[in-house]
>>> print(open('start_24.txt').read())   # compact mmCIF, C-alpha atoms and all ligand atoms
# COMPACT_ATOMS: atom_id res chain seq x y z
CA MET A 1 -18.53 21.55 -3.29
CA ILE A 2 -19.18 17.81 -3.10
CA LYS A 3 -16.00 15.78 -3.54
CA SER A 4 -15.32 12.13 -4.28
CA ILE A 5 -15.33 9.75 -1.31
CA THR A 6 -12.01 9.17 0.50
CA GLY A 7 -10.22 6.20 -1.00
CA THR A 8 -11.99 6.43 -4.36
CA LYS A 9 -10.51 7.86 -7.53
CA ASP A 10 -11.82 9.21 -10.79
CA ILE A 11 -10.12 7.67 -13.79
CA LEU A 12 -9.79 10.65 -16.09
CA PRO A 13 -9.78 10.50 -19.91
CA GLN A 14 -5.99 10.83 -20.19
CA GLU A 15 -5.54 7.68 -18.05
CA ILE A 16 -8.10 5.61 -19.94
CA PRO A 17 -5.76 4.43 -22.73
CA LEU A 18 -3.55 2.76 -20.09
CA TRP A 19 -6.53 1.03 -18.53
CA LYS A 20 -7.70 -0.08 -21.95
CA ARG A 21 -4.28 -1.49 -22.77
CA LEU A 22 -4.27 -3.44 -19.52
CA GLU A 23 -7.83 -4.66 -20.08
CA SER A 24 -7.11 -5.73 -23.63
CA ILE A 25 -4.08 -7.77 -22.52
CA VAL A 26 -6.21 -9.36 -19.79
CA HIS A 27 -8.97 -10.31 -22.27
CA GLN A 28 -6.45 -11.62 -24.80
CA MET A 29 -4.41 -13.69 -22.34
CA PHE A 30 -7.46 -15.32 -20.75
CA ARG A 31 -8.82 -16.05 -24.19
CA ASN A 32 -5.53 -17.75 -25.11
CA PHE A 33 -5.97 -20.05 -22.12
CA ASN A 34 -9.68 -20.53 -22.95
CA TYR A 35 -11.14 -18.84 -19.87
CA LYS A 36 -14.65 -17.35 -20.22
CA GLU A 37 -15.57 -13.95 -18.85
CA ILE A 38 -18.10 -13.77 -16.02
CA ARG A 39 -19.78 -10.68 -14.55
CA THR A 40 -21.56 -10.78 -11.21
CA PRO A 41 -23.50 -8.07 -9.35
CA ILE A 42 -21.68 -5.38 -7.42
CA PHE A 43 -23.36 -6.44 -4.17
CA GLU A 44 -24.26 -9.75 -2.61
CA GLU A 45 -25.82 -11.01 0.58
CA THR A 46 -23.37 -10.35 3.40
CA ALA A 47 -23.52 -14.01 4.46
CA LEU A 48 -21.80 -15.06 1.20
CA PHE A 49 -18.60 -13.24 2.08
CA ALA A 50 -18.81 -13.99 5.79
CA ARG A 51 -19.04 -17.70 4.98
CA GLY A 52 -16.81 -17.72 1.93
CA ILE A 53 -13.92 -15.54 3.06
CA GLY A 54 -14.00 -16.34 6.78
CA GLU A 55 -15.33 -14.40 9.77
CA ASP A 56 -11.94 -13.69 11.29
CA THR A 57 -10.20 -12.40 8.19
CA ASP A 58 -9.40 -8.68 8.02
CA ILE A 59 -11.74 -8.31 5.06
CA VAL A 60 -14.79 -9.65 6.85
CA SER A 61 -14.05 -8.39 10.34
CA LYS A 62 -12.94 -4.85 9.47
CA GLU A 63 -13.17 -3.86 5.84
CA MET A 64 -16.51 -4.68 4.26
CA TYR A 65 -18.98 -2.07 3.08
CA THR A 66 -22.08 -3.60 4.59
CA PHE A 67 -25.51 -2.00 4.78
CA ILE A 68 -29.10 -2.93 5.46
CA ASP A 69 -31.40 -2.21 2.52
CA ARG A 70 -35.05 -1.17 2.70
CA SER A 71 -36.22 -4.75 2.91
CA LYS A 72 -33.93 -5.27 5.93
CA THR A 73 -31.48 -7.54 4.07
CA SER A 74 -27.83 -7.22 4.94
CA LEU A 75 -25.91 -6.53 1.72
CA THR A 76 -22.20 -6.06 1.06
CA LEU A 77 -20.34 -4.42 -1.81
CA LYS A 78 -18.05 -7.16 -3.10
CA PRO A 79 -14.61 -7.05 -1.48
CA GLU A 80 -13.28 -9.82 -3.76
CA MET A 81 -14.63 -11.99 -6.51
CA THR A 82 -14.02 -15.65 -5.73
CA ALA A 83 -17.02 -16.04 -3.43
CA SER A 84 -19.27 -14.41 -6.05
CA VAL A 85 -17.97 -16.59 -8.87
CA VAL A 86 -18.49 -19.69 -6.77
CA ARG A 87 -21.99 -18.52 -5.83
CA ALA A 88 -22.87 -18.05 -9.52
CA PHE A 89 -21.28 -21.41 -10.39
CA ILE A 90 -23.46 -23.18 -7.81
CA GLU A 91 -26.63 -21.15 -8.49
CA HIS A 92 -26.58 -21.85 -12.25
CA SER A 93 -25.34 -25.46 -11.90
CA LEU A 94 -22.57 -24.63 -14.35
CA ASP A 95 -20.87 -27.95 -13.64
CA LYS A 96 -23.82 -29.69 -15.31
CA HIS A 97 -22.79 -28.33 -18.71
CA GLN A 98 -19.12 -29.20 -18.42
CA PRO A 99 -16.97 -30.72 -15.70
CA LEU A 100 -14.25 -28.06 -15.81
CA ASN A 101 -15.18 -24.37 -15.86
CA LYS A 102 -12.58 -21.67 -16.36
CA PHE A 103 -13.73 -18.10 -15.64
CA TYR A 104 -12.14 -14.68 -15.63
CA TYR A 105 -13.36 -11.26 -14.60
CA ILE A 106 -12.54 -7.57 -14.42
CA SER A 107 -14.42 -5.70 -11.72
CA PRO A 108 -14.36 -2.96 -9.10
CA MET A 109 -13.98 -4.14 -5.48
CA PHE A 110 -14.67 -2.36 -2.21
CA ARG A 111 -12.77 -2.53 1.07
CA GLN A 112 -12.69 0.06 3.82
CA GLU A 113 -8.92 0.12 4.27
CA ARG A 114 -6.69 3.04 5.19
CA PRO A 115 -6.06 4.73 1.84
CA GLN A 116 -2.45 5.12 0.70
CA ALA A 117 -0.49 4.80 -2.53
CA GLY A 118 -1.64 1.52 -4.11
CA ARG A 119 -4.43 1.05 -1.60
CA GLN A 120 -7.93 2.38 -2.20
CA ARG A 121 -11.42 1.77 -0.94
CA GLN A 122 -12.82 1.25 -4.42
CA PHE A 123 -10.19 -0.47 -6.54
CA HIS A 124 -10.21 -2.82 -9.52
CA GLN A 125 -9.17 -6.40 -9.89
CA PHE A 126 -8.95 -8.85 -12.72
CA GLY A 127 -8.60 -12.51 -11.99
CA GLY A 128 -9.26 -16.07 -13.02
CA GLU A 129 -10.91 -19.05 -11.35
CA ALA A 130 -10.76 -22.66 -12.58
CA LEU A 131 -13.39 -24.91 -10.99
CA GLY A 132 -13.65 -28.67 -11.35
CA SER A 133 -10.17 -30.18 -11.30
CA SER A 134 -7.58 -30.80 -8.63
CA SER A 135 -4.81 -31.16 -11.21
CA PRO A 136 -1.62 -29.26 -10.34
CA LEU A 137 -1.54 -28.29 -14.03
CA LEU A 138 -4.22 -25.75 -13.23
CA ASP A 139 -2.29 -24.29 -10.27
CA ALA A 140 0.64 -23.76 -12.62
CA GLU A 141 -1.64 -22.44 -15.38
CA ILE A 142 -3.17 -19.84 -13.04
CA ILE A 143 0.28 -18.63 -11.97
CA GLU A 144 1.42 -18.60 -15.60
CA ILE A 145 -1.53 -16.48 -16.73
CA ALA A 146 -0.89 -13.91 -14.00
CA TYR A 147 2.81 -13.86 -14.78
CA CYS A 148 2.26 -13.58 -18.54
CA ILE A 149 -0.13 -10.65 -18.19
CA LEU A 150 2.37 -8.77 -16.05
CA SER A 151 5.22 -9.60 -18.43
CA GLU A 152 3.15 -8.60 -21.44
CA LEU A 153 2.78 -5.19 -19.80
CA GLY A 154 6.54 -4.90 -19.87
CA LEU A 155 7.05 -5.32 -16.10
CA LYS A 156 10.51 -6.68 -15.36
CA ASP A 157 11.12 -6.54 -11.64
CA LEU A 158 8.70 -9.35 -10.73
CA ASN A 159 9.05 -11.73 -7.87
CA VAL A 160 6.86 -14.86 -7.87
CA LYS A 161 6.49 -16.41 -4.43
CA ILE A 162 4.84 -19.76 -3.91
CA ASN A 163 4.00 -21.93 -0.95
CA SER A 164 1.81 -24.88 -0.05
CA LEU A 165 -0.66 -24.83 2.82
CA GLY A 166 -1.42 -28.54 2.56
CA VAL A 167 -4.80 -30.08 3.27
CA PRO A 168 -6.84 -29.30 6.44
CA GLU A 169 -5.64 -32.42 8.27
CA SER A 170 -1.92 -31.70 7.92
CA ARG A 171 -2.57 -28.02 8.54
CA GLN A 172 -4.45 -28.80 11.74
CA LYS A 173 -1.57 -30.89 13.01
CA TYR A 174 0.88 -28.13 12.17
CA LYS A 175 -1.29 -25.48 13.83
CA SER A 176 -0.98 -27.22 17.18
CA ILE A 177 2.81 -27.43 16.73
CA LEU A 178 2.93 -23.71 15.96
CA LYS A 179 0.68 -22.99 18.92
CA GLU A 180 3.02 -24.86 21.20
CA TYR A 181 5.99 -22.90 19.84
CA LEU A 182 4.31 -19.49 20.15
CA PHE A 183 2.67 -20.21 23.50
CA ASP A 184 5.63 -18.94 25.52
CA PHE A 185 5.75 -15.71 23.49
CA LYS A 186 2.02 -15.08 23.48
CA ASN A 187 2.21 -12.01 25.69
CA SER A 188 4.89 -10.42 23.49
CA LEU A 189 2.75 -10.69 20.36
CA SER A 190 0.90 -7.65 19.01
CA GLU A 191 -2.75 -7.35 19.91
CA ASP A 192 -3.89 -8.52 16.47
CA SER A 193 -1.58 -11.51 16.54
CA ARG A 194 -2.71 -12.41 20.06
CA ARG A 195 -6.25 -12.50 18.77
CA ARG A 196 -5.17 -14.61 15.82
CA PHE A 197 -3.37 -16.98 18.18
CA ASP A 198 -6.83 -18.10 19.25
CA THR A 199 -8.86 -17.60 16.06
CA ASN A 200 -6.52 -18.44 13.16
CA ILE A 201 -2.96 -18.86 14.25
CA LEU A 202 -1.54 -19.26 10.72
CA ARG A 203 -2.42 -15.70 9.94
CA ILE A 204 0.13 -14.43 12.45
CA PHE A 205 2.56 -14.91 9.54
CA ASP A 206 0.67 -12.12 7.73
CA SER A 207 1.54 -9.64 10.51
CA LYS A 208 3.37 -6.56 9.29
CA ILE A 209 4.70 -5.85 12.80
CA GLU A 210 8.44 -6.33 13.13
CA SER A 211 8.41 -7.71 16.67
CA ASP A 212 5.87 -10.36 15.56
CA GLN A 213 8.08 -11.29 12.63
CA ALA A 214 11.10 -11.53 14.94
CA LEU A 215 9.22 -14.01 17.13
CA LEU A 216 8.34 -16.04 14.03
CA LYS A 217 11.91 -16.20 12.81
CA ASN A 218 12.61 -19.66 14.19
CA ALA A 219 9.04 -20.90 14.13
CA PRO A 220 8.34 -24.36 12.68
CA LEU A 221 7.14 -24.10 9.07
CA LEU A 222 4.05 -25.65 7.58
CA ILE A 223 5.94 -26.74 4.49
CA ASP A 224 7.94 -29.17 6.66
CA TYR A 225 4.74 -30.80 7.88
CA LEU A 226 2.96 -31.33 4.58
CA ASP A 227 1.10 -34.56 3.87
CA ASN A 228 2.41 -36.67 1.01
CA GLU A 229 -0.35 -35.76 -1.42
CA SER A 230 0.26 -32.01 -0.97
CA LYS A 231 4.01 -32.54 -1.24
CA GLU A 232 3.64 -34.36 -4.56
CA HIS A 233 1.19 -31.75 -5.81
CA PHE A 234 3.61 -28.97 -4.92
CA GLU A 235 6.51 -30.75 -6.65
CA ILE A 236 4.52 -30.96 -9.89
CA VAL A 237 3.52 -27.28 -9.71
CA LYS A 238 7.18 -26.33 -9.25
CA ASN A 239 8.28 -28.57 -12.13
CA ILE A 240 5.76 -27.10 -14.53
CA LEU A 241 6.70 -23.55 -13.56
CA SER A 242 10.39 -24.32 -14.14
CA GLN A 243 9.59 -25.96 -17.45
CA SER A 244 7.61 -22.84 -18.44
CA ASN A 245 10.55 -20.60 -17.51
CA ILE A 246 8.65 -18.81 -14.79
CA PRO A 247 11.14 -17.80 -12.12
CA PHE A 248 9.80 -18.37 -8.61
CA GLU A 249 10.92 -18.64 -5.04
CA ILE A 250 9.44 -20.67 -2.22
CA ASP A 251 8.23 -18.55 0.66
CA PRO A 252 7.22 -20.89 3.49
CA LYS A 253 5.65 -17.97 5.36
CA LEU A 254 3.26 -17.03 2.59
CA VAL A 255 -0.11 -17.90 4.13
CA ARG A 256 -2.27 -15.20 2.46
CA GLY A 257 -5.09 -13.36 4.17
CA LEU A 258 -8.04 -15.53 3.23
CA ASP A 259 -9.18 -18.65 5.00
CA TYR A 260 -10.20 -20.72 2.03
CA TYR A 261 -6.86 -21.74 0.58
CA THR A 262 -5.61 -25.34 0.41
CA LYS A 263 -2.32 -26.57 -1.07
CA THR A 264 -0.79 -23.99 -3.44
CA THR A 265 -0.73 -20.28 -2.60
CA PHE A 266 1.19 -17.65 -4.52
CA GLU A 267 1.85 -13.94 -4.84
CA ILE A 268 3.58 -11.87 -7.45
CA LEU A 269 5.34 -8.78 -6.14
CA SER A 270 6.99 -5.84 -7.80
CA ALA A 271 10.01 -4.11 -6.34
CA LYS A 272 8.78 -0.94 -8.03
CA VAL A 273 5.63 0.00 -6.12
CA GLY A 274 6.76 0.81 -2.58
CA SER A 275 5.24 -0.77 0.49
CA GLN A 276 2.14 -2.15 -1.25
CA SER A 277 4.22 -4.45 -3.40
CA ALA A 278 1.84 -7.36 -4.00
CA LEU A 279 0.43 -7.08 -7.51
CA CYS A 280 -1.54 -10.28 -7.35
CA GLY A 281 -2.18 -13.33 -5.27
CA GLY A 282 -4.13 -16.53 -5.29
CA GLY A 283 -4.12 -20.22 -4.75
CA ARG A 284 -6.06 -23.43 -4.58
CA TYR A 285 -9.33 -23.63 -2.67
CA ASP A 286 -10.62 -27.20 -2.83
CA LEU A 287 -13.14 -26.81 0.00
CA LEU A 288 -14.83 -23.52 -0.84
CA VAL A 289 -17.55 -24.74 -3.21
CA LYS A 290 -18.80 -27.23 -0.65
CA GLN A 291 -18.53 -24.63 2.09
CA LEU A 292 -20.83 -22.38 0.06
CA GLY A 293 -23.40 -25.13 -0.44
CA GLY A 294 -22.33 -26.75 -3.71
CA GLU A 295 -21.16 -30.24 -4.59
CA PRO A 296 -17.53 -30.74 -3.49
CA THR A 297 -15.55 -29.16 -6.36
CA PRO A 298 -11.86 -28.29 -6.35
CA GLY A 299 -10.84 -24.83 -7.50
CA VAL A 300 -7.87 -22.58 -8.03
CA GLY A 301 -7.62 -18.88 -8.87
CA PHE A 302 -5.99 -15.52 -8.45
CA ALA A 303 -6.83 -11.83 -8.26
CA ALA A 304 -4.64 -8.93 -9.36
CA GLY A 305 -4.90 -5.27 -8.36
CA MET A 306 -5.14 -3.08 -11.44
CA GLU A 307 -4.26 0.25 -9.79
CA ARG A 308 -1.08 -1.27 -8.37
CA ILE A 309 -0.16 -2.85 -11.67
CA LEU A 310 -0.55 0.47 -13.45
CA LEU A 311 1.53 2.13 -10.74
CA ALA A 312 4.28 -0.44 -11.34
CA CYS A 313 4.00 0.16 -15.11
CA ALA A 314 4.31 3.92 -14.57
CA ASN A 315 7.33 3.46 -12.29
CA GLU A 316 9.03 1.16 -14.78
CA ASN A 317 7.86 3.29 -17.69
CA SER A 318 6.85 0.04 -19.32
CA ILE A 319 3.84 1.08 -21.39
CA ILE A 320 4.43 3.35 -24.32
CA LEU A 321 1.21 4.18 -26.07
CA PRO A 322 0.83 5.71 -29.49
CA ASP A 323 -0.71 9.22 -29.51
CA GLU A 324 -4.47 9.22 -29.76
CA LYS A 325 -5.13 10.91 -33.08
CA VAL A 326 -8.18 12.23 -34.86
CA ASP A 327 -8.43 10.96 -38.47
CA LEU A 328 -10.14 14.03 -39.86
CA TYR A 329 -10.79 17.56 -38.66
CA ILE A 330 -13.21 19.59 -40.76
CA VAL A 331 -12.37 23.29 -40.91
CA ASN A 332 -15.32 25.50 -41.68
CA LEU A 333 -14.26 28.47 -43.79
CA ASP A 334 -17.74 30.09 -43.95
CA LYS A 335 -18.87 29.16 -40.52
CA VAL A 336 -22.26 30.84 -40.25
CA VAL A 337 -23.67 29.54 -43.51
CA LEU A 338 -22.33 26.02 -43.45
CA HIS A 339 -22.76 24.95 -39.88
CA TYR A 340 -25.22 22.11 -40.42
CA LYS A 341 -23.45 21.01 -43.62
CA VAL A 342 -20.23 20.49 -41.70
CA TYR A 343 -22.20 18.47 -39.18
CA LYS A 344 -23.60 16.31 -41.99
CA LEU A 345 -20.17 15.83 -43.56
CA ALA A 346 -18.65 14.81 -40.23
CA SER A 347 -21.48 12.39 -39.72
CA THR A 348 -20.92 10.81 -43.16
CA PHE A 349 -17.29 10.00 -42.36
CA ARG A 350 -18.06 8.96 -38.78
CA HIS A 351 -20.39 6.36 -40.26
CA LYS A 352 -17.44 5.16 -42.33
CA ASN A 353 -15.62 4.44 -39.03
CA LEU A 354 -13.30 7.40 -39.08
CA ILE A 355 -12.61 9.51 -35.99
CA VAL A 356 -13.90 12.92 -37.03
CA ASP A 357 -14.25 16.24 -35.24
CA PHE A 358 -14.98 19.86 -36.09
CA ASP A 359 -15.60 23.20 -34.39
CA TYR A 360 -18.72 23.70 -32.26
CA LEU A 361 -17.65 27.06 -30.85
CA ASN A 362 -17.83 29.31 -33.90
CA ARG A 363 -14.09 29.85 -33.83
CA SER A 364 -11.94 31.57 -36.45
CA VAL A 365 -10.21 29.52 -39.15
CA LYS A 366 -6.91 30.08 -37.34
CA ALA A 367 -8.35 28.78 -34.06
CA GLN A 368 -9.85 25.78 -35.87
CA MET A 369 -6.41 24.95 -37.29
CA ARG A 370 -4.91 25.26 -33.83
CA GLU A 371 -7.50 22.79 -32.58
CA ALA A 372 -6.78 20.41 -35.47
CA ASN A 373 -3.10 20.43 -34.51
CA LYS A 374 -3.88 19.94 -30.85
CA LEU A 375 -6.00 16.91 -31.71
CA LYS A 376 -3.14 15.61 -33.88
CA ALA A 377 -5.52 15.39 -36.83
CA ARG A 378 -4.05 13.26 -39.62
CA PHE A 379 -6.13 15.04 -42.27
CA VAL A 380 -7.88 18.41 -42.42
CA MET A 381 -10.74 19.11 -44.77
CA PHE A 382 -11.37 22.74 -45.73
CA VAL A 383 -15.00 23.46 -46.50
CA GLY A 384 -16.17 26.80 -47.88
CA GLY A 385 -15.40 29.65 -50.28
CA ASP A 386 -15.53 29.40 -54.09
CA GLU A 387 -14.31 25.80 -53.99
CA TYR A 388 -17.34 24.75 -52.04
CA LYS A 389 -19.64 26.67 -54.42
CA SER A 390 -18.20 24.63 -57.28
CA GLY A 391 -18.80 21.38 -55.35
CA LYS A 392 -15.25 20.77 -54.14
CA ILE A 393 -13.25 20.61 -50.90
CA THR A 394 -9.53 20.62 -50.12
CA LEU A 395 -8.17 17.64 -48.21
CA LYS A 396 -4.80 18.20 -46.56
CA ASN A 397 -2.55 15.43 -45.30
CA MET A 398 -1.12 16.96 -42.13
CA GLU A 399 1.86 14.60 -42.01
CA THR A 400 3.12 15.28 -45.57
CA GLY A 401 1.52 18.68 -46.16
CA GLU A 402 0.11 17.38 -49.47
CA GLN A 403 -3.24 18.90 -50.54
CA LYS A 404 -5.88 17.55 -52.91
CA LEU A 405 -8.94 19.20 -54.43
CA ILE A 406 -11.75 16.65 -54.44
CA GLU A 407 -15.43 16.54 -55.43
CA ILE A 408 -17.31 17.03 -52.20
CA ASP A 409 -19.69 14.11 -52.77
CA ASN A 410 -16.91 11.65 -53.59
CA PHE A 411 -17.10 10.32 -50.03
CA SER A 412 -15.59 6.92 -50.79
CA LEU A 413 -12.49 8.43 -52.39
CA ILE A 414 -12.00 10.78 -49.44
CA ALA A 415 -12.49 7.96 -46.93
CA ASP A 416 -10.06 5.73 -48.87
CA ILE A 417 -7.36 8.40 -48.87
CA ILE A 418 -7.77 8.91 -45.11
CA LYS A 419 -7.87 5.21 -44.31
CA LYS A 420 -4.70 4.41 -46.26
P1 LIG A 501 -6.40 -10.01 -2.32
O1 LIG A 501 -7.78 -10.20 -2.88
O2 LIG A 501 -6.39 -9.34 -0.97
O3 LIG A 501 -5.56 -11.23 -2.41
O4 LIG A 501 -5.69 -8.95 -3.26
C1 LIG A 501 -5.27 -9.24 -4.55
C2 LIG A 501 -4.62 -8.01 -5.12
O5 LIG A 501 -5.58 -6.96 -5.18
C3 LIG A 501 -3.49 -7.45 -4.27
O6 LIG A 501 -2.29 -8.08 -4.58
C4 LIG A 501 -3.48 -6.00 -4.68
O7 LIG A 501 -2.77 -5.81 -5.89
C5 LIG A 501 -4.95 -5.72 -4.94
N1 LIG A 501 -5.56 -5.05 -3.78
C6 LIG A 501 -6.04 -5.60 -2.66
N2 LIG A 501 -6.57 -4.66 -1.85
C7 LIG A 501 -6.41 -3.47 -2.48
C8 LIG A 501 -6.76 -2.12 -2.17
N3 LIG A 501 -7.38 -1.80 -1.06
N4 LIG A 501 -6.43 -1.16 -3.07
C9 LIG A 501 -5.81 -1.47 -4.23
N5 LIG A 501 -5.47 -2.73 -4.57
C10 LIG A 501 -5.76 -3.71 -3.71
>>> encode(input="start_24.txt", output="structure tokens", more="lines below")
Ligand code: AMP
Amino acid sequence: MIKSITGTKDILPQEIPLWKRLESIVHQMFRNFNYKEIRTPIFEETALFARGIGEDTDIVSKEMYTFIDRSKTSLTLKPEMTASVVRAFIEHSLDKHQPLNKFYYISPMFRQERPQAGRQRQFHQFGGEALGSSSPLLDAEIIEIAYCILSELGLKDLNVKINSLGVPESRQKYKSILKEYLFDFKNSLSEDSRRRFDTNILRIFDSKIESDQALLKNAPLLIDYLDNESKEHFEIVKNILSQSNIPFEIDPKLVRGLDYYTKTTFEILSAKVGSQSALCGGGRYDLLVKQLGGEPTPGVGFAAGMERILLACANENSIILPDEKVDLYIVNLDKVVLHYKVYKLASTFRHKNLIVDFDYLNRSVKAQMREANKLKARFVMFVGGDEYKSGKITLKNMETGEQKLIEIDNFSLIADIIKK
């Protein structure tokens, strides 16, 4: 038997209502903040991610699904969306229509990570990107949208962490200070961190290894070396968040895995999803558009992991969905004769936007009733017998038990009763 690929998951019909609830909150919230949806292809030229995300990030160096197609082009299944959104923004000169563009997306992503709870190889993200303004209002707005979506889902145990990475100049200065500090401990660092010491020293803060974290305990912090502009920017972001009643804490070690961030970075974590606790993360990336070949354009955005969010919702029992009901189940009393008539009747009410079902398996009346109950049918229509010969059907309200004898071709009356 052929099975699904390791790290991928089928989303089965019983889980779909939860996904739809999440998606509808995402669409609604982004609409409230006037973000427009964007959809980009599932794969891109590998160079886009290599250049956009950074060669020595985990994503690019270890996790991408990259393949050579028949025309010998190196393609990659998208591991994240920002680079693709920026590519589309540049390619279609979207800044020519309006100076500020606010986008959002919902899309599958692909990363070859070690699968575990809350970590898959095909997973889904939603996120937002605002391109064209360096205003700290947008940093706060992006954090607020993420926070509001999670709150709207009923999640309570949320922890918003924010930090500022400054601009490249102040960061560069700080990097040499950190290098000096860590130099003496270099040989005690884990292999990954030793590599990062030379390639991207800031990312040592991302290390999950305890001995690395112990060495970093007294390390100098970037936030103490910020340039004035970044400091002011950060102050405004914090003020707006406080004013909007979004609780946050400053985490000076939050550097995030991607290379493109400048100034604000943030993550929202849930205490309710085990070791993979980050539900979403993002930040400002004022240099990325230029890096990918566009006019210098500031940007800020975030991405949120939908599987993890739904895991947190399940653990907090935060989404209670109404039962999915069928409006009308048609019970065929004379099944052999009336088969196609039942089909026609069902079709008539389906065209009136009712959810209608009936029996396709030639089952007994008793079994049809059992099915109607299983489907939580609100109404059952009995078709057949003498009633049917005299042009009538019985419509039963399954909640009240009330029954009505109605002319079979009085479709509007029947639909009105059901819709009430
Ligand atoms: P990132 O793009 O790495 O900043 O990730 C943003 C969010 O996507 C994370 O906070 C997670 O919720 C989610 N995420 C990242 N990688 C995975 C994965 N392999 N499986 C499931 N969710 C993920």
>>> residues_near_point(input="start_24.txt", point="(2.3, -20.4, 11.4)", cutoff="12 Å", atoms="all atoms listed in the file", output="PyMOL selection string")
chain A and resi 165+171-182+193+196-197+200-207+212-213+215-225+252-256
>>> atom_distance(input="start_24.txt", atom1="CA of Pro247 (chain A)", atom2="CA of Ala117 (chain A)")
27.2 Å
>>> residues_near_ligand(input="start_24.txt", ligand="ligand LIG 501 (chain A)", cutoff="8 Å", atoms="all atoms listed in the file", output="number ranges by chain")
A: 79-81, 110-115, 118-125, 256-258, 267-269, 276-282, 302-309
>>> closest_residue(input="start_24.txt", among="A:Ile320, A:Ile142, A:Ile209, A:Leu155", to="Ile240 (chain A)", atoms="only C-alpha atoms")
A:Ile142
>>> atom_distance(input="start_24.txt", atom1="CA of His92 (chain A)", atom2="CA of Arg51 (chain A)")
19.3 Å
>>> residues_around(input="start_24.txt", residues="Thr82 (chain A)", least_positions_apart="5", cutoff="9 Å", atoms="all atoms listed in the file", output="VMD selection string")
chain A and resid 52 to 53 87 127 to 129 301 to 303
>>> closest_residue(input="start_24.txt", among="A:Ile406, A:Leu100, A:Met109, A:Ile236", to="Glu63 (chain A)", atoms="only C-alpha atoms")
A:Met109
>>> atom_distance(input="start_24.txt", atom1="CA of Ala415 (chain A)", atom2="CA of Ser24 (chain A)")
27.6 Å
>>> closest_residue(input="start_24.txt", among="A:Arg378, A:Lys231, A:Lys272, A:Lys420", to="Asn163 (chain A)", atoms="all atoms listed in the file")
A:Lys231
>>> residues_around(input="start_24.txt", residues="Ala130 (chain A)", least_positions_apart="2", cutoff="7 Å", atoms="only C-alpha atoms", output="VMD selection string")
chain A and resid 101 to 103 128 132 299 to 301
>>> decode(input="start_24.txt", residues="region 283-292 of chain A", atoms="N, CA, C and O atoms", output="PDB file, in the first residue's frame")
ATOM      1  N   GLY A 283       8.615  40.311  11.702  1.00  0.00           N
ATOM      2  CA  GLY A 283       9.387  41.499  12.005  1.00  0.00           C
ATOM      3  C   GLY A 283       9.550  42.380  10.787  1.00  0.00           C
ATOM      4  O   GLY A 283       8.950  42.145   9.733  1.00  0.00           O
ATOM      5  N   ARG A 284      10.392  43.401  10.969  1.00  0.00           N
ATOM      6  CA  ARG A 284      10.606  44.381   9.915  1.00  0.00           C
ATOM      7  C   ARG A 284      11.777  43.945   9.043  1.00  0.00           C
ATOM      8  O   ARG A 284      12.739  43.352   9.537  1.00  0.00           O
ATOM      9  N   TYR A 285      11.649  44.194   7.751  1.00  0.00           N
ATOM     10  CA  TYR A 285      12.725  43.791   6.825  1.00  0.00           C
ATOM     11  C   TYR A 285      12.925  44.894   5.786  1.00  0.00           C
ATOM     12  O   TYR A 285      12.512  44.776   4.655  1.00  0.00           O
ATOM     13  N   ASP A 286      13.585  45.977   6.201  1.00  0.00           N
ATOM     14  CA  ASP A 286      13.678  47.155   5.340  1.00  0.00           C
ATOM     15  C   ASP A 286      14.639  46.993   4.162  1.00  0.00           C
ATOM     16  O   ASP A 286      14.625  47.813   3.251  1.00  0.00           O
ATOM     17  N   LEU A 287      15.447  45.932   4.179  1.00  0.00           N
ATOM     18  CA  LEU A 287      16.451  45.812   3.114  1.00  0.00           C
ATOM     19  C   LEU A 287      16.117  44.733   2.088  1.00  0.00           C
ATOM     20  O   LEU A 287      16.799  44.583   1.077  1.00  0.00           O
ATOM     21  N   LEU A 288      15.083  43.952   2.363  1.00  0.00           N
ATOM     22  CA  LEU A 288      14.844  42.759   1.535  1.00  0.00           C
ATOM     23  C   LEU A 288      14.462  43.088   0.088  1.00  0.00           C
ATOM     24  O   LEU A 288      14.925  42.430  -0.846  1.00  0.00           O
ATOM     25  N   VAL A 289      13.589  44.088  -0.092  1.00  0.00           N
ATOM     26  CA  VAL A 289      13.115  44.380  -1.451  1.00  0.00           C
ATOM     27  C   VAL A 289      14.304  44.745  -2.349  1.00  0.00           C
ATOM     28  O   VAL A 289      14.440  44.241  -3.467  1.00  0.00           O
ATOM     29  N   LYS A 290      15.192  45.564  -1.818  1.00  0.00           N
ATOM     30  CA  LYS A 290      16.366  45.963  -2.596  1.00  0.00           C
ATOM     31  C   LYS A 290      17.254  44.735  -2.845  1.00  0.00           C
ATOM     32  O   LYS A 290      17.744  44.535  -3.969  1.00  0.00           O
ATOM     33  N   GLN A 291      17.398  43.928  -1.812  1.00  0.00           N
ATOM     34  CA  GLN A 291      18.228  42.726  -1.934  1.00  0.00           C
ATOM     35  C   GLN A 291      17.716  41.796  -3.040  1.00  0.00           C
ATOM     36  O   GLN A 291      18.466  41.089  -3.675  1.00  0.00           O
ATOM     37  N   LEU A 292      16.385  41.833  -3.260  1.00  0.00           N
ATOM     38  CA  LEU A 292      15.817  40.959  -4.297  1.00  0.00           C
ATOM     39  C   LEU A 292      15.650  41.696  -5.630  1.00  0.00           C
ATOM     40  O   LEU A 292      14.955  41.221  -6.522  1.00  0.00           O
TER      41      LEU A 292
END
